[in-house]
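One file, protein.csv, is given below (CSV, C-alpha atoms).
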```
chain,number,residue,atom,x,y,z
A,3,MET,CA,4.8,22.6,3.7
A,4,ASN,CA,4.1,25.2,6.4
A,5,ILE,CA,5.2,28.9,6.5
A,6,LYS,CA,7.9,28.2,9.0
A,7,THR,CA,9.5,25.6,6.8
A,8,LEU,CA,9.3,27.8,3.7
A,9,THR,CA,10.8,30.8,5.6
A,10,PHE,CA,13.6,28.6,6.9
A,11,ILE,CA,14.4,27.3,3.4
A,12,THR,CA,14.3,30.8,1.9
A,13,LEU,CA,16.7,32.2,4.5
A,14,ILE,CA,19.1,29.3,4.1
A,15,LEU,CA,19.0,29.8,0.3
A,16,ILE,CA,19.7,33.5,0.7
A,17,PHE,CA,22.6,32.9,3.0
A,18,THR,CA,24.1,30.1,1.1
A,19,SER,CA,23.9,31.9,-2.2
A,20,ALA,CA,25.7,34.9,-0.7
A,21,CYS,CA,28.6,32.9,0.7
A,22,SER,CA,29.2,30.0,-1.4
A,23,GLY,CA,29.1,28.7,-4.9
A,24,THR,CA,27.9,25.3,-3.6
A,25,TYR,CA,24.3,26.5,-3.0
A,26,HIS,CA,23.0,24.2,-5.6
A,27,ALA,CA,24.1,21.2,-3.5
A,28,TYR,CA,22.5,22.8,-0.4
A,29,TYR,CA,19.3,23.5,-2.3
A,30,LYS,CA,19.0,19.9,-3.6
A,31,THR,CA,19.7,18.5,-0.1
A,32,LEU,CA,17.0,20.7,1.4
A,33,LYS,CA,14.6,19.8,-1.4
A,34,ILE,CA,15.0,16.1,-0.6
A,35,ALA,CA,14.7,16.8,3.2
A,36,PHE,CA,11.6,18.8,3.0
A,37,SER,CA,9.8,17.1,0.1
A,38,GLU,CA,6.5,15.7,1.0
A,39,GLN,CA,6.5,11.9,0.9
A,40,THR,CA,3.3,10.3,-0.2
A,41,ASN,CA,1.6,7.4,1.4
A,42,ALA,CA,0.8,4.4,-0.7
A,43,GLU,CA,-3.0,3.9,-0.7
A,44,MET,CA,-5.4,1.4,-2.2
A,45,THR,CA,-9.1,1.7,-2.8
A,46,LEU,CA,-11.6,-1.0,-1.7
A,47,SER,CA,-12.0,-2.3,-5.3
A,48,GLU,CA,-8.2,-2.4,-5.8
A,49,VAL,CA,-7.8,-4.4,-2.7
A,50,GLN,CA,-10.6,-6.8,-3.8
A,51,GLN,CA,-9.0,-7.2,-7.2
A,52,SER,CA,-5.5,-7.8,-5.9
A,53,GLU,CA,-4.3,-11.3,-6.5
A,54,ALA,CA,-2.3,-11.4,-3.2
A,55,ASP,CA,-3.6,-10.4,0.2
A,56,VAL,CA,-2.3,-7.0,1.0
A,57,ILE,CA,-1.6,-5.1,4.2
A,58,SER,CA,-0.9,-1.4,4.8
A,59,VAL,CA,2.3,-0.9,6.8
A,60,LYS,CA,3.6,2.3,8.3
A,61,ARG,CA,7.0,1.9,9.8
A,62,GLY,CA,8.0,4.7,12.1
A,63,LYS,CA,7.6,8.1,10.4
A,64,ARG,CA,8.0,6.7,6.9
A,65,PRO,CA,5.1,6.9,4.4
A,66,THR,CA,2.7,4.1,4.4
A,67,ALA,CA,3.6,1.1,2.1
A,68,ILE,CA,1.6,-1.7,0.8
A,69,MET,CA,3.0,-5.2,1.4
A,70,ALA,CA,1.7,-8.4,-0.1
A,71,LEU,CA,1.4,-12.0,1.2
A,72,ALA,CA,4.0,-14.1,-0.5
A,73,TYR,CA,3.9,-17.4,1.5
A,74,ILE,CA,2.0,-19.1,4.3
A,75,GLU,CA,4.4,-21.7,5.7
A,76,ASN,CA,4.2,-23.5,9.0
A,77,GLY,CA,1.6,-21.1,10.3
A,78,GLN,CA,3.8,-18.1,9.4
A,79,HIS,CA,2.6,-15.4,7.2
A,80,LYS,CA,5.4,-14.0,5.1
A,81,TRP,CA,4.7,-10.5,3.7
A,82,VAL,CA,7.0,-8.8,1.2
A,83,SER,CA,7.5,-5.2,0.4
A,84,ASN,CA,8.4,-3.5,-2.8
A,85,ASP,CA,11.9,-2.8,-1.5
A,86,ASN,CA,12.5,-6.5,-0.8
A,87,ALA,CA,12.0,-6.4,3.0
A,88,MET,CA,10.0,-9.2,4.6
A,89,LEU,CA,7.9,-9.4,7.7
A,90,ILE,CA,7.3,-12.9,9.1
A,91,MET,CA,4.3,-13.0,11.4
A,92,GLU,CA,2.7,-15.7,13.5
A,93,LYS,CA,-1.0,-14.9,14.3
A,94,GLY,CA,-0.3,-11.3,13.7
A,95,ARG,CA,2.9,-11.0,15.8
A,96,ILE,CA,6.1,-10.1,14.0
A,97,SER,CA,8.4,-13.0,14.8
A,98,ARG,CA,11.2,-12.2,12.4
A,99,THR,CA,12.1,-9.4,10.0
A,100,LEU,CA,14.4,-9.4,7.0
A,101,GLY,CA,16.0,-6.6,5.0
A,102,LEU,CA,15.5,-3.8,7.6
A,103,ASN,CA,18.3,-1.8,9.2
A,104,GLU,CA,17.4,-3.4,12.5
A,105,ASP,CA,16.1,-6.9,12.2
A,106,LEU,CA,14.4,-9.2,14.7
A,107,LEU,CA,16.4,-12.4,14.2
A,108,TYR,CA,14.6,-14.8,16.5
A,109,LEU,CA,11.7,-15.0,18.9
A,110,SER,CA,11.3,-18.0,21.2
A,111,ASN,CA,8.3,-19.5,22.8
A,112,THR,CA,5.9,-18.4,20.1
A,113,GLU,CA,3.8,-21.5,20.5
A,114,LEU,CA,2.5,-20.0,23.8
A,115,ASP,CA,1.9,-16.6,22.5
A,116,PRO,CA,-1.5,-15.4,23.8
A,117,LEU,CA,-2.2,-13.8,20.5
A,118,LYS,CA,-2.9,-17.4,19.2
A,119,SER,CA,-5.9,-17.6,21.5
A,120,LEU,CA,-7.2,-14.1,21.0
A,121,PRO,CA,-9.8,-12.8,20.9
A,122,LYS,CA,-10.8,-14.5,24.1
A,123,ALA,CA,-14.3,-15.6,24.9
A,124,PRO,CA,-16.0,-13.2,27.4
A,125,THR,CA,-15.5,-15.7,30.2
A,126,HIS,CA,-11.8,-15.5,30.0
A,127,GLU,CA,-11.4,-11.8,29.4
A,128,THR,CA,-10.9,-10.8,33.1
A,129,LYS,CA,-7.8,-12.9,33.4
A,130,LEU,CA,-4.6,-11.1,32.4
A,131,GLN,CA,-2.2,-13.2,30.5
A,132,THR,CA,1.6,-13.1,30.9
A,133,TRP,CA,3.9,-14.4,28.2
A,134,SER,CA,7.7,-14.6,28.3
A,135,ARG,CA,10.1,-15.1,25.5
A,136,ILE,CA,13.6,-14.4,24.4
A,137,ALA,CA,14.5,-12.2,21.4
A,138,ASP,CA,17.6,-11.9,19.3
A,139,ASN,CA,18.1,-8.6,17.4
A,140,THR,CA,20.7,-7.2,15.2
A,141,GLY,CA,23.2,-4.9,16.9
A,142,ASP,CA,24.6,-7.6,19.1
A,143,GLU,CA,21.5,-8.0,21.2
A,144,TYR,CA,21.0,-11.7,21.7
A,145,GLY,CA,19.0,-13.6,24.3
A,146,TYR,CA,17.1,-10.6,25.6
A,147,PRO,CA,14.2,-11.8,27.9
A,148,ILE,CA,10.9,-10.1,27.2
A,149,GLU,CA,7.8,-10.4,29.2
A,150,SER,CA,4.4,-9.1,28.3
A,151,THR,CA,0.9,-8.9,29.8
A,152,PHE,CA,-2.4,-8.4,28.0
A,153,SER,CA,-5.1,-6.0,29.1
A,154,PRO,CA,-8.8,-7.0,29.0
A,155,GLN,CA,-10.5,-6.3,25.7
A,156,GLN,CA,-11.9,-2.9,24.9
A,157,HIS,CA,-14.5,-2.0,22.2
A,158,ASP,CA,-13.1,0.2,19.5
A,159,ASN,CA,-13.5,0.9,15.8
A,160,VAL,CA,-11.1,0.6,12.9
A,161,GLN,CA,-11.6,3.1,10.0
A,162,MET,CA,-10.0,1.9,6.7
A,163,LEU,CA,-10.9,1.7,3.0
A,164,GLY,CA,-13.8,4.0,3.8
A,165,ILE,CA,-15.3,1.3,6.1
A,166,ASN,CA,-15.8,1.6,9.8
A,167,THR,CA,-15.3,-1.8,11.3
A,168,GLU,CA,-16.2,-2.6,14.9
A,169,ALA,CA,-13.3,-4.2,16.7
A,170,LEU,CA,-12.0,-5.5,20.0
A,171,LEU,CA,-8.8,-3.9,21.1
A,172,TYR,CA,-6.2,-5.7,23.2
A,173,ILE,CA,-3.3,-3.8,24.6
A,174,GLU,CA,-0.1,-5.7,25.3
A,175,THR,CA,2.3,-4.1,27.8
A,176,VAL,CA,5.8,-5.3,27.0
A,177,HIS,CA,8.8,-5.2,29.3
A,178,TYR,CA,12.4,-5.6,28.3
A,179,LYS,CA,13.9,-7.5,31.3
A,180,ALA,CA,17.6,-7.3,30.7
A,181,PRO,CA,20.1,-4.4,31.0
A,182,SER,CA,21.1,-3.1,27.6
A,183,ASN,CA,24.6,-2.9,26.1
A,184,TYR,CA,23.8,0.8,25.5
A,185,ILE,CA,22.0,3.6,27.3
A,186,ARG,CA,18.3,2.9,27.2
A,187,LEU,CA,15.7,5.0,28.8
A,188,HIS,CA,12.6,3.1,27.9
A,189,ASN,CA,12.4,-0.6,28.7
A,190,SER,CA,8.7,-1.0,28.2
A,191,TRP,CA,6.2,-0.2,25.5
A,192,LYS,CA,2.7,-1.1,24.5
A,193,ASN,CA,1.5,-3.1,21.5
A,194,HIS,CA,-2.1,-2.8,20.2
A,195,TYR,CA,-4.1,-5.4,18.4
A,196,TRP,CA,-7.6,-4.9,16.9
A,197,TYR,CA,-9.8,-7.9,16.2
A,198,ALA,CA,-13.0,-7.9,14.2
A,199,LYS,CA,-16.0,-9.4,15.8
A,200,SER,CA,-15.5,-12.4,13.6
A,201,GLY,CA,-12.2,-13.0,15.4
A,202,GLU,CA,-9.8,-11.9,12.6
A,203,LEU,CA,-7.0,-9.6,13.4
A,204,ILE,CA,-7.5,-6.5,11.3
A,205,LYS,CA,-5.0,-4.0,12.7
A,206,SER,CA,-2.0,-3.9,15.0
A,207,ILE,CA,0.6,-1.5,16.2
A,208,GLN,CA,3.7,-3.2,17.5
A,209,LYS,CA,7.4,-2.8,18.2
A,210,VAL,CA,9.9,-5.7,18.4
A,211,SER,CA,12.4,-4.0,20.7
A,212,PRO,CA,12.5,-0.8,22.8
A,213,LEU,CA,14.6,1.1,20.2
A,214,SER,CA,12.9,-0.2,17.1
A,215,GLU,CA,10.4,1.8,15.1
A,216,PRO,CA,6.7,0.8,15.5
A,217,PHE,CA,4.9,-1.0,12.8
A,218,GLU,CA,1.3,0.0,12.2
A,219,ILE,CA,-0.2,-2.8,10.2
A,220,THR,CA,-3.7,-2.8,8.7
A,221,TYR,CA,-5.0,-5.9,7.1
A,222,LEU,CA,-6.6,-4.5,4.0
A,223,SER,CA,-7.7,-7.7,2.3
A,224,ARG,CA,-9.3,-9.0,5.5
A,225,ILE,CA,-11.2,-5.8,6.0
A,226,ALA,CA,-12.4,-6.0,2.4
A,227,ARG,CA,-13.5,-9.6,2.8
A,228,LEU,CA,-15.4,-8.8,6.0
A,229,ASN,CA,-17.4,-6.2,4.2
A,230,ARG,CA,-18.0,-8.0,1.0
B,1,MET,CA,-26.2,-44.1,5.0
B,2,LYS,CA,-25.8,-42.6,1.5
B,3,LYS,CA,-28.0,-39.7,2.5
B,4,ILE,CA,-25.9,-39.0,5.6
B,5,ILE,CA,-22.7,-38.9,3.5
B,6,ILE,CA,-24.3,-36.6,0.9
B,7,ILE,CA,-25.6,-34.3,3.7
B,8,ALA,CA,-22.2,-34.3,5.4
B,9,THR,CA,-20.4,-33.6,2.1
B,10,ALA,CA,-22.7,-30.7,1.4
B,11,ALA,CA,-22.3,-29.3,4.9
B,12,LEU,CA,-18.5,-29.5,4.5
B,13,CYS,CA,-18.7,-27.7,1.2
B,14,PHE,CA,-20.7,-24.8,2.8
B,15,ALA,CA,-18.4,-24.8,5.8
B,16,GLY,CA,-15.4,-24.5,3.5
B,17,SER,CA,-16.9,-21.6,1.6
B,18,SER,CA,-17.4,-19.6,4.8
B,19,VAL,CA,-13.8,-19.8,5.8
B,20,ALA,CA,-11.8,-16.8,4.5
B,21,VAL,CA,-9.0,-18.0,2.3
B,22,GLU,CA,-5.9,-15.9,2.2
B,23,ASN,CA,-4.1,-15.5,-1.0
B,24,ALA,CA,-0.4,-15.9,-1.0
B,25,THR,CA,1.1,-15.5,-4.5
B,26,GLY,CA,4.7,-16.5,-3.8
B,27,ALA,CA,7.4,-14.8,-5.8
B,28,GLY,CA,4.8,-12.9,-7.7
B,29,ALA,CA,3.6,-11.1,-4.6
B,30,GLY,CA,6.0,-8.2,-5.4
B,31,ALA,CA,3.6,-7.1,-8.1
B,32,SER,CA,1.0,-6.2,-5.5
B,33,THR,CA,3.3,-4.1,-3.4
B,34,VAL,CA,3.7,-0.3,-3.4
B,35,GLY,CA,6.2,1.9,-1.5
B,36,ALA,CA,9.1,1.1,0.8
B,37,ILE,CA,9.7,0.4,4.5
B,38,THR,CA,13.4,0.4,4.5
B,39,THR,CA,14.2,3.9,3.3
B,40,PRO,CA,16.2,6.0,5.7
B,41,ILE,CA,14.4,8.8,7.3
B,42,ILE,CA,15.8,12.3,6.5
B,43,VAL,CA,15.2,14.5,9.5
B,44,GLY,CA,14.7,18.0,8.1
B,45,THR,CA,15.9,19.8,11.2
B,46,ALA,CA,19.1,17.9,11.2
B,47,VAL,CA,19.7,18.6,7.6
B,48,GLY,CA,19.0,22.3,8.2
B,49,LEU,CA,21.4,22.4,11.1
B,50,GLY,CA,24.0,20.6,9.1
B,51,ILE,CA,23.8,23.0,6.2
B,52,ALA,CA,23.8,26.0,8.6
B,53,GLY,CA,27.0,24.6,10.1
B,54,ALA,CA,28.5,24.2,6.7
B,55,VAL,CA,27.7,27.8,5.8
B,56,VAL,CA,29.2,29.0,9.1
B,57,ALA,CA,32.3,26.9,8.5
B,58,ASN,CA,32.6,28.1,5.0
B,59,GLY,CA,32.1,31.7,6.1
B,60,SER,CA,34.9,31.6,8.7
B,61,GLY,CA,37.4,30.1,6.3
B,62,THR,CA,40.2,32.2,4.7
B,63,SER,CA,41.5,32.0,1.3
B,64,ILE,CA,44.8,33.4,0.0
B,65,VAL,CA,44.9,34.6,-3.6
B,66,VAL,CA,48.4,34.1,-5.0
B,67,THR,CA,49.3,36.3,-8.0
B,68,CYS,CA,52.5,35.6,-10.0
B,69,THR,CA,54.5,38.1,-11.8
B,70,ASP,CA,54.9,38.1,-15.6
B,71,GLY,CA,57.0,35.3,-16.8
B,72,GLN,CA,55.9,33.0,-13.9
B,73,THR,CA,53.2,30.4,-13.6
B,74,LEU,CA,51.4,29.2,-10.4
B,75,VAL,CA,52.1,25.5,-10.0
B,76,ASN,CA,50.6,23.8,-6.8
B,77,GLY,CA,50.4,27.2,-5.1
B,78,ILE,CA,54.0,28.2,-5.9
B,79,CYS,CA,55.1,30.7,-8.6
B,80,GLN,CA,57.6,29.1,-10.9
B,81,ASP,CA,59.5,30.8,-13.7
B,82,ASP,CA,58.2,30.0,-17.1
B,83,GLU,CA,60.5,27.9,-19.2
B,84,VAL,CA,62.0,29.9,-22.0
B,85,PRO,CA,62.2,27.8,-25.2
B,86,PRO,CA,65.6,27.9,-26.8
B,87,GLU,CA,66.1,30.0,-29.9
B,88,PRO,CA,66.6,28.0,-33.1
B,89,THR,CA,69.6,29.2,-35.0
B,90,CYS,CA,70.7,28.7,-38.5
B,91,ASP,CA,74.2,28.4,-40.0
B,92,GLY,CA,75.8,31.7,-40.9
B,93,SER,CA,73.4,34.2,-42.3
B,94,ASP,CA,70.9,31.7,-43.5
B,95,PRO,CA,67.4,33.0,-42.9
B,96,LEU,CA,64.9,31.2,-40.6
B,97,VAL,CA,61.5,31.0,-42.2
B,98,ASP,CA,58.6,29.2,-40.6
B,99,GLY,CA,61.0,27.1,-38.4
B,100,VAL,CA,63.1,26.0,-41.3
B,101,CYS,CA,66.5,27.3,-42.3
B,102,THR,CA,67.1,28.1,-45.9
B,103,GLY,CA,70.7,27.9,-47.2
B,104,THR,CA,72.1,28.9,-50.5
B,105,THR,CA,75.0,27.5,-52.4
B,106,THR,CA,76.4,28.0,-55.9
B,107,THR,CA,77.1,25.4,-58.4
B,108,VAL,CA,79.6,26.1,-61.1
B,109,THR,CA,79.0,24.3,-64.3
B,110,VAL,CA,81.4,24.3,-67.3
B,111,THR,CA,79.8,23.9,-70.6
B,112,GLY,CA,81.3,23.6,-74.1
B,113,THR,CA,84.4,21.9,-75.5
B,114,GLY,CA,88.0,22.9,-76.4
B,115,THR,CA,88.5,26.6,-76.3
B,116,MET,CA,84.7,27.2,-76.5
B,117,THR,CA,84.0,26.7,-72.9
B,118,SER,CA,82.0,28.9,-70.6
B,119,THR,CA,81.3,28.7,-66.9
B,120,ILE,CA,77.8,29.1,-65.5
B,121,THR,CA,77.2,29.7,-61.8
B,122,VAL,CA,73.8,28.4,-60.7
B,123,PRO,CA,72.5,29.3,-57.2
B,124,VAL,CA,70.9,26.4,-55.4
B,125,THR,CA,68.8,26.7,-52.2
B,126,PHE,CA,68.4,24.0,-49.7
B,127,THR,CA,66.5,23.7,-46.4
B,128,TYR,CA,67.6,22.2,-43.1
B,129,VAL,CA,66.4,22.0,-39.5
B,130,PRO,CA,67.7,24.8,-37.3
B,131,THR,CA,70.0,24.1,-34.4
B,132,LEU,CA,68.3,24.4,-30.9
```
In structure tokens, write the structure found in this file.
Amino acid sequence: MNIKTLTFITLILIFTSACSGTYHAYYKTLKIAFSEQTNAEMTLSEVQQSEADVISVKRGKRPTAIMALAYIENGQHKWVSNDNAMLIMEKGRISRTLGLNEDLLYLSNTELDPLKSLPKAPTHETKLQTWSRIADNTGDEYGYPIESTFSPQQHDNVQMLGINTEALLYIETVHYKAPSNYIRLHNSWKNHYWYAKSGELIKSIQKVSPLSEPFEITYLSRIARLNR
Amino acid sequence: MKKIIIIATAALCFAGSSVAVENATGAGAGASTVGAITTPIIVGTAVGLGIAGAVVANGSGTSIVVTCTDGQTLVNGICQDDEVPPEPTCDGSDPLVDGVCTGTTTTVTVTGTGTMTSTITVPVTFTYVPTL
């Protein structure tokens, strides 16, 4: 908590205590609002001892959470969180979400998702790929066409569990192709995917719609296995 | 032929061990999870502004203090006369003691026989509920 925040809280408390007998309620509200939320973290040994595969997920500005792999069905990885939310992923792309305040309900054309053929061999890397699909989201947003293109791979590093892993980074530029029911300033965004040299996806930052919060997903168990 | 099969089997075994196996634990996966991804985000600035607004609204408000005179009680913001309980009364000059009236009567008793009679007057007290 920095000095500005502390000063602000102090001033508010002084003013409220002078004017009102409800300052206890104000104090508790401020305490919740400014309390430091801690990230969920795991050590390398904890990840290795975990029965289920685990990922680290940071959704928007929330603290980092650890999610576990519950099922692998029909090529879909189904990850669950401690608060009963579920992310369903196909080759690292979120294709459906459950239990969030804004859910991705459906994603079409997933069989042609370029992520399924990444990382590309060097001979193909110069060719940009375009992929179109239709998405249904909660909030009466159905059948929205989305188009994305992939940039050539870049060399990067992923630092996690105290391990620095060399990676290939692919950036996907995503365009929302339909007018929205609501005012929307940004119709495009970028998703990031980091692949280990062995070809396994080890990290991604992705959004499912322009207004949704980004998911930063790090595959802890995969990183642990790569460095066994 | 047998050698080829054995070598192929061994090769498959090694190949299998090199593939990373992901562990999905079904309904028990929840035990490996920590933290939440669905909690609403509390924006500190918004909360601060909200409370500041509440303080301002509270400060600009007015309050009227109503004071009632003696013998009146404030009921829903209106002074109302207190209800005076009725005085209990007893018959005649009977005293009222602790909410109970005490009456006295005399009983005349004649004792003896023939010309040897005498009259005795005995006072008898009784209690009764006062009239409201």
Under the rule of at most 6 Å, produce a per-residue listing of chain B near chain A: chain, number, name, the closest pair of atoms, and the distance in Å, as a Markdown table, using all atoms listed in the file.
```
| residue | atom | partner | partner_atom | distance |
| --- | --- | --- | --- | --- |
| B:Asn23 | CA | A:Ala54 | CA | 5.0 |
| B:Ala24 | CA | A:Ala72 | CA | 4.8 |
| B:Thr25 | CA | A:Ala72 | CA | 5.1 |
| B:Gly26 | CA | A:Ala72 | CA | 4.1 |
| B:Ala29 | CA | A:Ala72 | CA | 5.1 |
| B:Gly30 | CA | A:Asn84 | CA | 5.9 |
| B:Ser32 | CA | A:Ala70 | CA | 5.9 |
| B:Thr33 | CA | A:Met69 | CA | 4.9 |
| B:Val34 | CA | A:Ile68 | CA | 4.9 |
| B:Gly35 | CA | A:Ala67 | CA | 4.5 |
| B:Ala36 | CA | A:Asp85 | CA | 5.3 |
| B:Thr38 | CA | A:Leu102 | CA | 5.6 |
| B:Ile42 | CA | A:Ala35 | CA | 5.7 |
| B:Gly44 | CA | A:Ala35 | CA | 5.0 |
```
Practice task
Work out how far apart atom CA of Val210 of chain A and atom CA of Pro121 of chain A are and give it in Å to one decimal.
Solution key: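 These two atoms are separated by 21.1 Å.
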Exercise for the section: Give me, please, the distance in Å between atom CA of Pro147 of chain A and atom CA of Ser134 of chain A, quoted to one decimal. Expected result: 7.1 Å
Problem - d(atom CA of Lys199 of chain A, atom CA of Arg98 of chain A) in Å - result: 27.6 Å
Handout entry: Residue contacts of Asp81 of chain B (7 Å, all atoms listed in the file) excluding same-chain residues fewer than 4 positions away, as a PyMOL selection string
Key = chain B and resi 71-73
Problem - Counting all atoms listed in the file, the option among B:Ile41, B:Ala52, B:Val129, B:Val21 closest to Asp98 of chain B - result: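 Result for the nearest residue to Asp98 of chain B: B:Val129.
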Problem - Test item: residues at most 8 Å from Leu107 of chain A, all atoms listed in the file, excluding those fewer than 3 positions along its chain, as a VMD selection string - result: chain A and resid 98 to 99 137 to 140
Problem - Selection near Asn159 of chain A, 12 Å with all atoms listed in the file, sequence-local residues under 4 positions removed, as a list of chain:residue names - result: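 Result of the neighbour search: A:Ile165, A:Asn166, A:Thr167, A:Glu168, A:Ala169, A:Leu170, A:Leu171, A:Tyr195, A:Trp196, A:Tyr197, A:Ala198, A:Lys199, A:Ile204, A:Lys205.
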So that I have them on file, write out the residues from the current selection with C-alpha atoms, as a short mmCIF file (atom, residue, chain, number, x, y, z; two decimals), keeping the file's coordinate frame.
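The file below, out-v7.cif, is the result:
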```
data_model
loop_
_atom_site.label_atom_id
_atom_site.label_comp_id
_atom_site.auth_asym_id
_atom_site.auth_seq_id
_atom_site.Cartn_x
_atom_site.Cartn_y
_atom_site.Cartn_z
CA ILE A 165 -15.30 1.30 6.10
CA ASN A 166 -15.80 1.60 9.80
CA THR A 167 -15.30 -1.80 11.30
CA GLU A 168 -16.20 -2.60 14.90
CA ALA A 169 -13.30 -4.20 16.70
CA LEU A 170 -12.00 -5.50 20.00
CA LEU A 171 -8.80 -3.90 21.10
CA TYR A 195 -4.10 -5.40 18.40
CA TRP A 196 -7.60 -4.90 16.90
CA TYR A 197 -9.80 -7.90 16.20
CA ALA A 198 -13.00 -7.90 14.20
CA LYS A 199 -16.00 -9.40 15.80
CA ILE A 204 -7.50 -6.50 11.30
CA LYS A 205 -5.00 -4.00 12.70
#
```
